[in-house]
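Asker: Input file: my_file39.pdb. Contents: PDB, C-alpha atoms and all ligand atoms.
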```pdb
MODEL        1
ATOM      1  CA  MET A   1      66.437-141.450  25.840
ATOM      2  CA  SER A   2      67.349-137.776  25.757
ATOM      3  CA  ALA A   3      64.629-135.123  25.732
ATOM      4  CA  LEU A   4      63.451-133.408  22.529
ATOM      5  CA  LEU A   5      64.855-130.099  23.808
ATOM      6  CA  GLU A   6      67.721-129.842  26.279
ATOM      7  CA  VAL A   7      68.842-126.481  27.619
ATOM      8  CA  GLU A   8      72.037-126.713  29.625
ATOM      9  CA  GLY A   9      73.707-123.917  31.554
ATOM     10  CA  VAL A  10      72.331-121.211  29.256
ATOM     11  CA  SER A  11      73.155-117.594  30.046
ATOM     12  CA  LYS A  12      72.178-114.371  28.313
ATOM     13  CA  VAL A  13      73.235-110.874  29.281
ATOM     14  CA  PHE A  14      71.814-107.631  27.856
ATOM     15  CA  GLY A  15      74.237-104.834  28.665
ATOM     16  CA  GLY A  16      74.496-105.131  32.429
ATOM     17  CA  VAL A  17      71.266-107.133  32.838
ATOM     18  CA  ILE A  18      71.630-110.880  33.402
ATOM     19  CA  ALA A  19      68.407-112.019  31.745
ATOM     20  CA  ASN A  20      69.236-115.738  31.997
ATOM     21  CA  ALA A  21      71.828-117.221  34.342
ATOM     22  CA  ASP A  22      72.912-120.833  33.952
ATOM     23  CA  ILE A  23      69.464-122.203  33.017
ATOM     24  CA  THR A  24      69.164-125.981  32.668
ATOM     25  CA  LEU A  25      65.887-127.631  31.690
ATOM     26  CA  ALA A  26      64.465-130.301  29.422
ATOM     27  CA  VAL A  27      61.314-130.735  27.342
ATOM     28  CA  PRO A  28      60.548-134.415  26.657
ATOM     29  CA  GLU A  29      58.998-135.382  23.338
ATOM     30  CA  GLY A  30      55.201-135.421  23.476
ATOM     31  CA  ALA A  31      55.018-133.455  26.728
ATOM     32  CA  ILE A  32      53.431-130.155  27.674
ATOM     33  CA  VAL A  33      55.951-128.247  29.778
ATOM     34  CA  GLY A  34      55.275-124.907  31.464
ATOM     35  CA  LEU A  35      57.529-121.924  32.141
ATOM     36  CA  ILE A  36      56.406-119.438  34.776
ATOM     37  CA  GLY A  37      57.949-116.612  36.763
ATOM     38  CA  PRO A  38      57.543-112.925  37.613
ATOM     39  CA  ASN A  39      57.683-110.173  34.971
ATOM     40  CA  GLY A  40      61.236-109.701  33.804
ATOM     41  CA  SER A  41      62.399-113.084  35.120
ATOM     42  CA  GLY A  42      63.788-114.082  31.715
ATOM     43  CA  LYS A  43      61.107-116.353  30.216
ATOM     44  CA  THR A  44      60.797-114.641  26.831
ATOM     45  CA  THR A  45      64.568-114.225  26.639
ATOM     46  CA  LEU A  46      64.982-117.980  27.028
ATOM     47  CA  PHE A  47      62.495-118.638  24.209
ATOM     48  CA  SER A  48      64.342-116.174  21.964
ATOM     49  CA  SER A  49      67.631-117.918  22.752
ATOM     50  CA  ILE A  50      66.187-121.350  21.952
ATOM     51  CA  VAL A  51      64.819-120.352  18.534
ATOM     52  CA  GLY A  52      68.021-118.535  17.578
ATOM     53  CA  GLN A  53      66.854-114.937  17.727
ATOM     54  CA  HIS A  54      70.007-113.919  19.501
ATOM     55  CA  ALA A  55      73.310-115.513  20.375
ATOM     56  CA  ILE A  56      73.609-116.915  23.885
ATOM     57  CA  ASP A  57      76.510-115.976  26.132
ATOM     58  CA  GLY A  58      77.089-119.461  27.458
ATOM     59  CA  GLY A  59      75.709-122.965  27.624
ATOM     60  CA  SER A  60      74.257-125.434  25.216
ATOM     61  CA  ILE A  61      70.883-125.895  23.498
ATOM     62  CA  ARG A  62      70.232-129.308  21.965
ATOM     63  CA  TYR A  63      67.223-130.269  19.882
ATOM     64  CA  GLU A  64      66.767-133.910  18.899
ATOM     65  CA  GLY A  65      70.241-134.461  20.310
ATOM     66  CA  SER A  66      71.969-131.866  18.096
ATOM     67  CA  GLU A  67      73.438-128.531  19.135
ATOM     68  CA  ILE A  68      71.319-125.694  17.700
ATOM     69  CA  SER A  69      72.651-122.695  19.593
ATOM     70  CA  ARG A  70      74.661-121.467  16.624
ATOM     71  CA  LEU A  71      71.931-121.952  14.034
ATOM     72  CA  ARG A  72      69.837-119.120  12.594
ATOM     73  CA  VAL A  73      66.099-118.717  13.180
ATOM     74  CA  ALA A  74      65.129-120.047   9.735
ATOM     75  CA  GLU A  75      67.354-123.101  10.102
ATOM     76  CA  ILE A  76      65.835-123.881  13.502
ATOM     77  CA  ALA A  77      62.291-123.352  12.173
ATOM     78  CA  ARG A  78      62.980-125.862   9.412
ATOM     79  CA  LEU A  79      63.737-128.439  12.106
ATOM     80  CA  GLY A  80      60.166-128.004  13.365
ATOM     81  CA  LEU A  81      60.968-125.814  16.362
ATOM     82  CA  LEU A  82      58.698-122.760  16.307
ATOM     83  CA  ARG A  83      57.525-120.088  18.693
ATOM     84  CA  THR A  84      54.765-117.529  18.982
ATOM     85  CA  PHE A  85      55.264-114.064  20.410
ATOM     86  CA  GLN A  86      54.036-112.283  23.507
ATOM     87  CA  GLN A  87      53.333-109.281  21.252
ATOM     88  CA  THR A  88      51.808-110.883  18.175
ATOM     89  CA  ARG A  89      53.646-110.770  14.861
ATOM     90  CA  ILE A  90      51.005-110.796  12.198
ATOM     91  CA  TYR A  91      50.623-108.766   9.006
ATOM     92  CA  GLY A  92      47.914-106.289   9.984
ATOM     93  CA  GLY A  93      47.326-105.064   6.434
ATOM     94  CA  MET A  94      46.518-108.523   5.079
ATOM     95  CA  ASP A  95      43.510-110.678   5.743
ATOM     96  CA  CYS A  96      43.693-113.700   8.018
ATOM     97  CA  LEU A  97      43.828-116.213   5.186
ATOM     98  CA  LYS A  98      46.786-114.429   3.550
ATOM     99  CA  ASN A  99      48.563-114.349   6.898
ATOM    100  CA  MET A 100      48.142-118.110   7.063
ATOM    101  CA  LEU A 101      49.446-118.627   3.523
ATOM    102  CA  ILE A 102      52.376-116.291   4.029
ATOM    103  CA  SER A 103      53.483-118.353   6.981
ATOM    104  CA  ILE A 104      53.915-121.286   4.550
ATOM    105  CA  SER A 105      55.866-119.066   2.146
ATOM    106  CA  HIS A 106      58.266-118.256   4.947
ATOM    107  CA  ARG A 107      58.775-121.922   5.581
ATOM    108  CA  ARG A 108      59.134-123.237   2.074
ATOM    109  CA  GLU A 109      60.369-120.331  -0.015
ATOM    110  CA  GLY A 110      61.722-117.727   2.379
ATOM    111  CA  LEU A 111      59.775-115.163   0.326
ATOM    112  CA  ILE A 112      56.501-113.425   0.928
ATOM    113  CA  ASP A 113      55.329-112.815  -2.641
ATOM    114  CA  MET A 114      54.316-116.400  -3.344
ATOM    115  CA  LEU A 115      50.641-116.099  -2.564
ATOM    116  CA  SER A 116      49.468-116.880  -6.084
ATOM    117  CA  ARG A 117      51.364-120.151  -6.020
ATOM    118  CA  HIS A 118      49.458-121.622  -3.133
ATOM    119  CA  SER A 119      47.482-124.700  -3.952
ATOM    120  CA  ALA A 120      43.853-125.389  -3.170
ATOM    121  CA  GLU A 121      45.128-127.922  -0.609
ATOM    122  CA  GLN A 122      47.094-125.232   1.191
ATOM    123  CA  VAL A 123      44.061-122.943   1.268
ATOM    124  CA  ASP A 124      42.026-125.861   2.656
ATOM    125  CA  GLU A 125      44.701-126.465   5.258
ATOM    126  CA  ALA A 126      44.632-122.770   6.216
ATOM    127  CA  ASP A 127      40.840-122.816   6.441
ATOM    128  CA  ARG A 128      40.958-125.940   8.594
ATOM    129  CA  HIS A 129      43.377-124.355  11.075
ATOM    130  CA  LEU A 130      41.370-121.105  11.110
ATOM    131  CA  GLU A 131      38.269-123.154  11.866
ATOM    132  CA  PHE A 132      40.192-124.988  14.605
ATOM    133  CA  VAL A 133      41.009-121.740  16.440
ATOM    134  CA  GLY A 134      37.525-120.315  15.840
ATOM    135  CA  LEU A 135      38.500-117.695  13.228
ATOM    136  CA  TYR A 136      37.059-119.223  10.051
ATOM    137  CA  GLU A 137      34.312-116.595   9.848
ATOM    138  CA  LYS A 138      36.999-113.888   9.991
ATOM    139  CA  ARG A 139      39.250-115.290   7.270
ATOM    140  CA  PHE A 140      38.762-112.334   4.902
ATOM    141  CA  LEU A 141      39.017-109.716   7.642
ATOM    142  CA  LEU A 142      42.246-107.710   7.913
ATOM    143  CA  ALA A 143      44.346-109.251  10.663
ATOM    144  CA  GLY A 144      44.969-105.757  12.029
ATOM    145  CA  ASP A 145      41.232-105.417  12.662
ATOM    146  CA  LEU A 146      41.125-108.497  14.875
ATOM    147  CA  SER A 147      41.038-107.975  18.618
ATOM    148  CA  PHE A 148      44.297-108.689  20.458
ATOM    149  CA  GLY A 149      42.963-112.018  21.719
ATOM    150  CA  GLN A 150      41.921-112.984  18.183
ATOM    151  CA  GLN A 151      45.372-112.025  16.912
ATOM    152  CA  LYS A 152      46.872-114.448  19.455
ATOM    153  CA  LEU A 153      44.598-117.178  18.098
ATOM    154  CA  LEU A 154      45.605-116.284  14.520
ATOM    155  CA  GLU A 155      49.259-116.524  15.445
ATOM    156  CA  PHE A 156      48.634-119.947  16.968
ATOM    157  CA  ALA A 157      46.911-121.049  13.728
ATOM    158  CA  MET A 158      49.802-119.628  11.651
ATOM    159  CA  ALA A 159      52.261-121.678  13.698
ATOM    160  CA  LEU A 160      50.203-124.822  13.031
ATOM    161  CA  MET A 161      50.527-124.202   9.267
ATOM    162  CA  ASN A 162      54.225-124.875   9.638
ATOM    163  CA  GLY A 163      53.803-128.360  11.041
ATOM    164  CA  PRO A 164      55.815-127.795  14.223
ATOM    165  CA  LYS A 165      57.223-130.680  16.189
ATOM    166  CA  LEU A 166      57.926-128.446  19.186
ATOM    167  CA  LEU A 167      55.800-125.324  19.545
ATOM    168  CA  MET A 168      56.778-122.731  22.126
ATOM    169  CA  LEU A 169      53.918-120.412  23.078
ATOM    170  CA  ASP A 170      54.588-117.103  24.840
ATOM    171  CA  GLU A 171      51.514-116.311  26.972
ATOM    172  CA  PRO A 172      48.940-117.869  24.627
ATOM    173  CA  THR A 173      45.973-116.891  26.794
ATOM    174  CA  ALA A 174      46.950-113.251  27.426
ATOM    175  CA  GLY A 175      44.096-111.086  26.218
ATOM    176  CA  ILE A 176      41.766-114.046  25.704
ATOM    177  CA  ASN A 177      38.527-113.757  27.647
ATOM    178  CA  PRO A 178      37.741-116.297  30.385
ATOM    179  CA  THR A 179      35.128-118.209  28.375
ATOM    180  CA  LEU A 180      37.412-118.586  25.356
ATOM    181  CA  ILE A 181      40.344-119.613  27.556
ATOM    182  CA  ASN A 182      38.756-122.999  28.251
ATOM    183  CA  GLY A 183      38.361-123.567  24.515
ATOM    184  CA  LEU A 184      41.994-122.632  23.950
ATOM    185  CA  ILE A 185      43.211-125.003  26.692
ATOM    186  CA  ASP A 186      41.191-127.724  25.001
ATOM    187  CA  ARG A 187      42.743-126.920  21.592
ATOM    188  CA  LEU A 188      46.254-126.916  23.014
ATOM    189  CA  LYS A 189      45.629-130.338  24.560
ATOM    190  CA  ARG A 190      44.254-131.573  21.254
ATOM    191  CA  VAL A 191      47.250-130.470  19.173
ATOM    192  CA  ASN A 192      49.405-132.207  21.737
ATOM    193  CA  GLU A 193      47.415-135.444  21.947
ATOM    194  CA  GLU A 194      46.007-135.741  18.424
ATOM    195  CA  ILE A 195      48.762-134.201  16.289
ATOM    196  CA  GLY A 196      51.577-135.066  18.688
ATOM    197  CA  ILE A 197      53.024-131.547  18.923
ATOM    198  CA  THR A 198      55.220-131.080  21.982
ATOM    199  CA  LEU A 199      54.377-127.807  23.756
ATOM    200  CA  PHE A 200      56.542-125.493  25.862
ATOM    201  CA  VAL A 201      54.301-122.779  27.274
ATOM    202  CA  ILE A 202      54.996-119.501  29.072
ATOM    203  CA  GLU A 203      51.922-118.513  31.029
ATOM    204  CA  HIS A 204      50.966-116.129  33.822
ATOM    205  CA  ASN A 205      47.503-117.632  34.209
ATOM    206  CA  MET A 206      48.102-120.255  36.896
ATOM    207  CA  ARG A 207      44.810-122.039  36.310
ATOM    208  CA  VAL A 208      45.785-122.539  32.671
ATOM    209  CA  ILE A 209      49.318-123.773  33.237
ATOM    210  CA  MET A 210      48.389-126.040  36.156
ATOM    211  CA  ASP A 211      45.708-127.598  33.964
ATOM    212  CA  LEU A 212      47.897-127.942  30.860
ATOM    213  CA  ALA A 213      51.424-128.831  31.892
ATOM    214  CA  GLN A 214      52.783-132.086  33.274
ATOM    215  CA  HIS A 215      55.963-130.351  34.401
ATOM    216  CA  ILE A 216      56.588-126.688  35.230
ATOM    217  CA  TYR A 217      59.808-124.664  35.499
ATOM    218  CA  CYS A 218      59.814-121.417  37.469
ATOM    219  CA  LEU A 219      62.323-118.630  36.818
ATOM    220  CA  ALA A 220      63.078-115.699  39.120
ATOM    221  CA  HIS A 221      65.640-112.959  38.491
ATOM    222  CA  GLY A 222      66.948-114.863  35.472
ATOM    223  CA  GLU A 223      67.651-118.022  37.452
ATOM    224  CA  LEU A 224      65.857-121.335  37.636
ATOM    225  CA  LEU A 225      64.119-121.199  41.005
ATOM    226  CA  ALA A 226      62.254-124.515  41.024
ATOM    227  CA  ASP A 227      60.701-127.171  38.857
ATOM    228  CA  GLY A 228      58.217-129.958  39.376
ATOM    229  CA  THR A 229      54.708-131.202  38.761
ATOM    230  CA  PRO A 230      51.881-128.652  39.065
ATOM    231  CA  ASP A 231      51.184-129.885  42.598
ATOM    232  CA  GLU A 232      54.835-129.621  43.595
ATOM    233  CA  ILE A 233      55.057-126.091  42.148
ATOM    234  CA  ARG A 234      51.843-125.020  43.870
ATOM    235  CA  GLY A 235      53.250-126.158  47.210
ATOM    236  CA  ASP A 236      56.809-124.879  46.729
ATOM    237  CA  ASN A 237      57.525-122.112  49.218
ATOM    238  CA  ARG A 238      60.204-120.553  47.005
ATOM    239  CA  VAL A 239      57.668-120.249  44.153
ATOM    240  CA  ILE A 240      54.989-118.936  46.495
ATOM    241  CA  ASP A 241      57.346-116.289  47.887
ATOM    242  CA  ALA A 242      58.757-115.193  44.525
ATOM    243  CA  TYR A 243      55.661-115.437  42.401
ATOM    244  CA  LEU A 244      52.449-117.121  43.441
ATOM    245  CA  GLY A 245      52.174-115.238  46.721
ATOM    246  CA  ALA A 246      51.875-112.022  44.764
ATOM    247  CA  HIS A 247      48.833-113.290  42.847
TER     248      HIS A 247
HETATM  249  N1  LIG B 301      66.618-106.857  23.932
HETATM  250  C1  LIG B 301      66.823-106.551  25.212
HETATM  251  N2  LIG B 301      67.697-105.586  25.570
HETATM  252  C2  LIG B 301      67.924-105.276  26.865
HETATM  253  N3  LIG B 301      67.324-105.896  27.895
HETATM  254  C3  LIG B 301      66.436-106.857  27.619
HETATM  255  C4  LIG B 301      66.129-107.237  26.262
HETATM  256  N4  LIG B 301      65.228-108.245  26.293
HETATM  257  C5  LIG B 301      64.972-108.461  27.601
HETATM  258  N5  LIG B 301      65.693-107.642  28.389
HETATM  259  C6  LIG B 301      65.684-107.626  29.858
HETATM  260  O1  LIG B 301      65.897-108.971  30.297
HETATM  261  C7  LIG B 301      65.071-109.242  31.446
HETATM  262  C8  LIG B 301      64.192-110.433  31.150
HETATM  263  O2  LIG B 301      63.182-110.053  30.221
HETATM  264  P1  LIG B 301      62.145-111.067  29.606
HETATM  265  O3  LIG B 301      61.403-110.342  28.546
HETATM  266  O4  LIG B 301      62.862-112.300  29.208
HETATM  267  O5  LIG B 301      61.215-111.379  30.854
HETATM  268  P2  LIG B 301      59.854-112.221  30.958
HETATM  269  O6  LIG B 301      60.079-113.233  32.040
HETATM  270  O7  LIG B 301      59.455-112.706  29.628
HETATM  271  O8  LIG B 301      58.837-111.119  31.506
HETATM  272  P3  LIG B 301      57.253-110.912  31.226
HETATM  273  O9  LIG B 301      56.545-111.904  32.128
HETATM  274  O10 LIG B 301      57.011-109.510  31.655
HETATM  275  O11 LIG B 301      57.009-111.134  29.773
HETATM  276  C9  LIG B 301      64.335-107.966  31.754
HETATM  277  O12 LIG B 301      65.032-107.276  32.742
HETATM  278  C10 LIG B 301      64.354-107.199  30.445
HETATM  279  O13 LIG B 301      64.286-105.826  30.647
HETATM  280 MG    MG B 302      57.825-112.334  28.413
ENDMDL
END
```
Kindly transcribe the structure held in the file into C-alpha cells.

Answerer:
Amino acid sequence: MSALLEVEGVSKVFGGVIANADITLAVPEGAIVGLIGPNGSGKTTLFSSIVGQHAIDGGSIRYEGSEISRLRVAEIARLGLLRTFQQTRIYGGMDCLKNMLISISHRREGLIDMLSRHSAEQVDEADRHLEFVGLYEKRFLLAGDLSFGQQKLLEFAMALMNGPKLLMLDEPTAGINPTLINGLIDRLKRVNEEIGITLFVIEHNMRVIMDLAQHIYCLAHGELLADGTPDEIRGDNRVIDAYLGAH
C-alpha cells in the first residue's frame, strides 16, 4: 500500500537559493515521522510546499494517492492535511477560546465572523482540546498575552479542532520548558495512538524526535542527506558531521 503522503523529487528555488533539491520521502499512515537538519536546510520550505503555500518548481506531492501539488491551501486543509508554524499564527487580540472557534470557521465557512454561530458542542470541543494541551485555565486570556511556549500549545490545540488526518508540526517544542516538553511528547503520542492522527514533525530537540519518531529524514543544504530509524540516524556519520556533531 502506498504511504499517506508521498513526496517525490520535489524542488523549490527562492531567487538563487535552492531551498529544496529533489526531495523524496514518504509518511506512512498512522506513523510519526521526523524531519531534522541544520538551520536553513529547507525543512520549513518543504512543509510549506506540501500544504500548498507556494508552488513547487518540480516533483510530485501525493496525499492518499492523489496529486495535491497544484491545490490551494484551503483545498488541502479540507483533505485533513494541516500544519502548524514555526512562528505561531494566532490572533493575539482574541482570547484563546475564540482562537479555537475561529479555526473551525476557517475550516467550515472560510469566514472569521461566524463566532456567534458556534454550537455548545463546538465550545465543549474547544474546551476539551484546551484542557488537553493544559490551557483550559487560560481560555479567556488574550492569546497575545500567552507566553511563546503557550502560544505553540494553543496552535497545536487549534489544529486539533480541525480534525486533521495528517498533522505537520514545525518545531512544536521550541520555547517549551524542559518539564512541559515531556508532557507535550506524551500528548503528541496520544493524538497519534488514540485519535490516529499521523504526525510529521520538524524538531531540533534530538531527545524529543528520537523519542517520538519511528523514522527520521535529515536534510542538509536543501538535499536529503539520510533517513532511517532513530538509532540509524544517531549513528550515521553524514548526519553527525552535518548536524548532530554541532550539538
Ligand atoms: N520566502 C523565501 N524567500 C527567499 N528565501 C527563502 C524563503 N523561505 C526560505 N528561504 C530560504 O530557503 C532556505 C531554507 O529555509 P527554511 O526556512 O526552509 O529552513 P529550515 O530548515 O526550516 O531552517 P530552520 O531550522 O532555521 O527553521 C534558507 O536559505 C532560507 O533563507
Ligand atoms: Mg524552519

Asker: So how far away is CA of Gly92 (chain A) from CA of Asp124 (chain A), in Å?

Answerer: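 Computing the Euclidean distance for CA of Asp124 (chain A) and CA of Gly92 (chain A) yields 21.7 Å.
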
Asker: Pick out the residues sitting within 10 Å of His221 (chain A), and hand them over as a CSV table (one decimal) with C-alpha atoms, in the frame of the given file; count only C-alpha atoms, and ignore anything fewer than 6 positions along from it in its own chain.

Answerer:
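Generated output (selection.csv):
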```csv
chain,number,residue,atom,x,y,z
A,17,VAL,CA,71.3,-107.1,32.8
A,18,ILE,CA,71.6,-110.9,33.4
A,19,ALA,CA,68.4,-112.0,31.7
A,20,ASN,CA,69.2,-115.7,32.0
A,21,ALA,CA,71.8,-117.2,34.3
A,37,GLY,CA,57.9,-116.6,36.8
A,38,PRO,CA,57.5,-112.9,37.6
A,39,ASN,CA,57.7,-110.2,35.0
A,40,GLY,CA,61.2,-109.7,33.8
A,41,SER,CA,62.4,-113.1,35.1
A,42,GLY,CA,63.8,-114.1,31.7
A,242,ALA,CA,58.8,-115.2,44.5
```

Asker: Could you give me, as JSON lines, a per-residue list for chain A showing, wherever an atom lies at most 10 Å from an atom of ligand LIG 301 (chain B), the closest pair of atoms and their distance in Å to one decimal, using only C-alpha atoms and all ligand atoms and sorting by chain then residue number from low to high?

Answerer:
```
{"residue": "A:Lys12", "atom": "CA", "partner": "B:LIG301", "partner_atom": "O1", "distance": 8.5}
{"residue": "A:Val13", "atom": "CA", "partner": "B:LIG301", "partner_atom": "O1", "distance": 7.6}
{"residue": "A:Phe14", "atom": "CA", "partner": "B:LIG301", "partner_atom": "C2", "distance": 4.7}
{"residue": "A:Gly15", "atom": "CA", "partner": "B:LIG301", "partner_atom": "C2", "distance": 6.6}
{"residue": "A:Gly16", "atom": "CA", "partner": "B:LIG301", "partner_atom": "N3", "distance": 8.5}
{"residue": "A:Val17", "atom": "CA", "partner": "B:LIG301", "partner_atom": "O1", "distance": 6.2}
{"residue": "A:Ile18", "atom": "CA", "partner": "B:LIG301", "partner_atom": "O1", "distance": 6.8}
{"residue": "A:Ala19", "atom": "CA", "partner": "B:LIG301", "partner_atom": "O1", "distance": 4.2}
{"residue": "A:Asn20", "atom": "CA", "partner": "B:LIG301", "partner_atom": "C8", "distance": 7.4}
{"residue": "A:Leu35", "atom": "CA", "partner": "B:LIG301", "partner_atom": "O6", "distance": 9.1}
{"residue": "A:Ile36", "atom": "CA", "partner": "B:LIG301", "partner_atom": "O6", "distance": 7.7}
{"residue": "A:Gly37", "atom": "CA", "partner": "B:LIG301", "partner_atom": "O6", "distance": 6.2}
{"residue": "A:Pro38", "atom": "CA", "partner": "B:LIG301", "partner_atom": "O9", "distance": 5.7}
{"residue": "A:Asn39", "atom": "CA", "partner": "B:LIG301", "partner_atom": "O10", "distance": 3.4}
{"residue": "A:Gly40", "atom": "CA", "partner": "B:LIG301", "partner_atom": "O5", "distance": 3.4}
{"residue": "A:Ser41", "atom": "CA", "partner": "B:LIG301", "partner_atom": "O6", "distance": 3.9}
{"residue": "A:Gly42", "atom": "CA", "partner": "B:LIG301", "partner_atom": "O4", "distance": 3.2}
{"residue": "A:Lys43", "atom": "CA", "partner": "B:LIG301", "partner_atom": "O6", "distance": 3.8}
{"residue": "A:Thr44", "atom": "CA", "partner": "B:LIG301", "partner_atom": "O7", "distance": 3.7}
{"residue": "A:Thr45", "atom": "CA", "partner": "B:LIG301", "partner_atom": "O4", "distance": 3.6}
{"residue": "A:Leu46", "atom": "CA", "partner": "B:LIG301", "partner_atom": "O4", "distance": 6.4}
{"residue": "A:Phe47", "atom": "CA", "partner": "B:LIG301", "partner_atom": "O4", "distance": 8.1}
{"residue": "A:Ser48", "atom": "CA", "partner": "B:LIG301", "partner_atom": "O4", "distance": 8.3}
{"residue": "A:Ser49", "atom": "CA", "partner": "B:LIG301", "partner_atom": "O4", "distance": 9.8}
{"residue": "A:His54", "atom": "CA", "partner": "B:LIG301", "partner_atom": "N1", "distance": 9.0}
{"residue": "A:Phe85", "atom": "CA", "partner": "B:LIG301", "partner_atom": "O11", "distance": 10.0}
{"residue": "A:Gln86", "atom": "CA", "partner": "B:LIG301", "partner_atom": "O11", "distance": 7.0}
{"residue": "A:Gln87", "atom": "CA", "partner": "B:LIG301", "partner_atom": "O11", "distance": 9.5}
{"residue": "A:Asp170", "atom": "CA", "partner": "B:LIG301", "partner_atom": "O11", "distance": 8.1}
{"residue": "A:Glu171", "atom": "CA", "partner": "B:LIG301", "partner_atom": "O11", "distance": 8.1}
{"residue": "A:Ile202", "atom": "CA", "partner": "B:LIG301", "partner_atom": "O7", "distance": 8.1}
{"residue": "A:Glu203", "atom": "CA", "partner": "B:LIG301", "partner_atom": "O9", "distance": 8.1}
{"residue": "A:His204", "atom": "CA", "partner": "B:LIG301", "partner_atom": "O9", "distance": 7.2}
{"residue": "A:Cys218", "atom": "CA", "partner": "B:LIG301", "partner_atom": "O6", "distance": 9.8}
{"residue": "A:Leu219", "atom": "CA", "partner": "B:LIG301", "partner_atom": "O6", "distance": 7.5}
{"residue": "A:Ala220", "atom": "CA", "partner": "B:LIG301", "partner_atom": "O6", "distance": 8.1}
{"residue": "A:His221", "atom": "CA", "partner": "B:LIG301", "partner_atom": "C8", "distance": 7.9}
{"residue": "A:Gly222", "atom": "CA", "partner": "B:LIG301", "partner_atom": "C8", "distance": 6.8}
```

Asker: Measure the distance from CA of Lys189 (chain A) to CA of Leu4 (chain A) in Å and round it to one decimal.

Answerer: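 That distance, rounded to one decimal, is 18.2 Å.
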
Asker: Which polymer residues have any atom within 10 Å of an atom of Ser60 (chain A), counting all atoms listed in the file, with same-chain residues fewer than 6 positions away left out, as a short mmCIF file (atom, residue, chain, number, x, y, z; two decimals) with C-alpha atoms, keeping the file's coordinate frame?

Answerer:
```cif
data_model
loop_
_atom_site.label_atom_id
_atom_site.label_comp_id
_atom_site.auth_asym_id
_atom_site.auth_seq_id
_atom_site.Cartn_x
_atom_site.Cartn_y
_atom_site.Cartn_z
CA GLU A 6 67.72 -129.84 26.28
CA VAL A 7 68.84 -126.48 27.62
CA GLU A 8 72.04 -126.71 29.62
CA GLY A 9 73.71 -123.92 31.55
CA VAL A 10 72.33 -121.21 29.26
CA SER A 11 73.16 -117.59 30.05
CA ASP A 22 72.91 -120.83 33.95
CA ILE A 23 69.46 -122.20 33.02
CA THR A 24 69.16 -125.98 32.67
CA ILE A 50 66.19 -121.35 21.95
CA SER A 66 71.97 -131.87 18.10
CA GLU A 67 73.44 -128.53 19.14
CA ILE A 68 71.32 -125.69 17.70
CA SER A 69 72.65 -122.70 19.59
CA ARG A 70 74.66 -121.47 16.62
#
```

Asker: Just checking: using all atoms listed in the file, which residue out of A:Leu79, A:Ala213, A:Met94, A:Ala55 ends up closest to Phe140 (chain A)?

Answerer: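 Among A:Leu79, A:Ala213, A:Met94, A:Ala55, it is A:Met94 that comes nearest to Phe140 (chain A).
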
Asker: Which residue gives the smallest distance to ligand MG 302 (chain B) among A:Leu5, A:Leu82, A:Ala174, A:Ile102, with all atoms listed in the file counted?

Answerer: A:Ala174

Asker: Can you work out which one of A:Thr84, A:Asn99, A:Phe156, A:Asn182 has the shortest atom-to-atom distance to ligand MG 302 (chain B), counting all atoms listed in the file?

Answerer: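 For ligand MG 302 (chain B), the nearest of the candidates is A:Thr84.
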
Asker: For the PyMOL selection byres (((chain A and resi 212) around 10) and not hetatm), applied here, can you spell out every residue it catches as a list of chain:residue names?

Answerer: A:Ala31, A:Ile32, A:Val33, A:Gly34, A:Ile185, A:Asp186, A:Leu188, A:Lys189, A:Leu199, A:Val201, A:Met206, A:Arg207, A:Val208, A:Ile209, A:Met210, A:Asp211, A:Ala213, A:Gln214, A:His215, A:Ile216, A:Pro230

Asker: Would you list the contacts of Tyr136 (chain A) as a list in words, taking every protein, DNA or RNA residue within 12 Å and counting only C-alpha atoms, but skipping same-chain residues closer than 3 positions in sequence?

Answerer: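 Everything that qualifies: Asp95, Cys96, Leu97, Met100, Val123, Asp124, Glu125, Ala126, Asp127, Arg128, His129, Leu130, Glu131, Phe132, Val133, Arg139, Phe140, Leu141, Gln150, Leu153, Leu154 and Ala157 of chain A.
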
Asker: Name all residues at most 12 Å from Asp236 (chain A) (count only C-alpha atoms; drop same-chain ones fewer than 2 positions away) and give them as a VMD selection string.

Answerer: chain A and resid 216 to 218 225 to 234 238 to 245

Asker: Which residue, A:Gln53, A:Gly175, A:Pro164, A:Leu169, has the smallest gap to ligand MG 302 (chain B) when you use all atoms listed in the file?

Answerer: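 Between A:Gln53, A:Gly175, A:Pro164, A:Leu169, the residue approaching ligand MG 302 (chain B) most closely is A:Leu169.
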
Asker: When you draw a straight line from CA of Glu75 (chain A) to CA of Gly144 (chain A), how long is it in Å?

Answerer: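 If I compute the distance from CA of Glu75 (chain A) to CA of Gly144 (chain A), I get 28.4 Å.
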
Asker: Of the candidates A:Arg62, A:Leu167, A:Gln151, A:Pro172, which shows the shortest atom-to-atom distance to ligand MG 302 (chain B), using all atoms listed in the file?

Answerer: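 Checking each of A:Arg62, A:Leu167, A:Gln151, A:Pro172 against ligand MG 302 (chain B), counting all atoms listed in the file, the winner is A:Pro172.
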
Asker: For Lys152 (chain A), which residue among A:Glu137, A:Pro178, A:Arg117, A:Ile90 is the nearest when counting all atoms listed in the file?

Answerer: A:Ile90

Asker: Contacts of Glu29 (chain A) at 10 Å or less, counting only C-alpha atoms, minus same-chain residues fewer than 5 places along, as a list in words?

Answerer: Met1, Ser2, Ala3, Leu4, Leu5, Glu64, Lys165, Leu166, Gly196, Ile197, Thr198 and Leu199 of chain A

Asker: N, CA and C atoms for region 145-149 of chain A, written as a compact mmCIF listing (two decimals), in the frame of the given file, could you do that?

Answerer:
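Here's the written file out_9.txt:
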```
# COMPACT_ATOMS: atom_id res chain seq x y z
N ASP A 145 42.53 -105.77 12.09
CA ASP A 145 41.23 -105.42 12.66
C ASP A 145 40.74 -106.44 13.67
N LEU A 146 41.50 -107.52 13.84
CA LEU A 146 41.12 -108.50 14.88
C LEU A 146 41.42 -107.90 16.25
N SER A 147 40.70 -108.38 17.25
CA SER A 147 41.04 -107.98 18.62
C SER A 147 42.38 -108.61 18.98
N PHE A 148 42.99 -108.14 20.07
CA PHE A 148 44.30 -108.69 20.46
C PHE A 148 44.20 -110.19 20.72
N GLY A 149 43.14 -110.59 21.42
CA GLY A 149 42.96 -112.02 21.72
C GLY A 149 42.82 -112.83 20.44
```
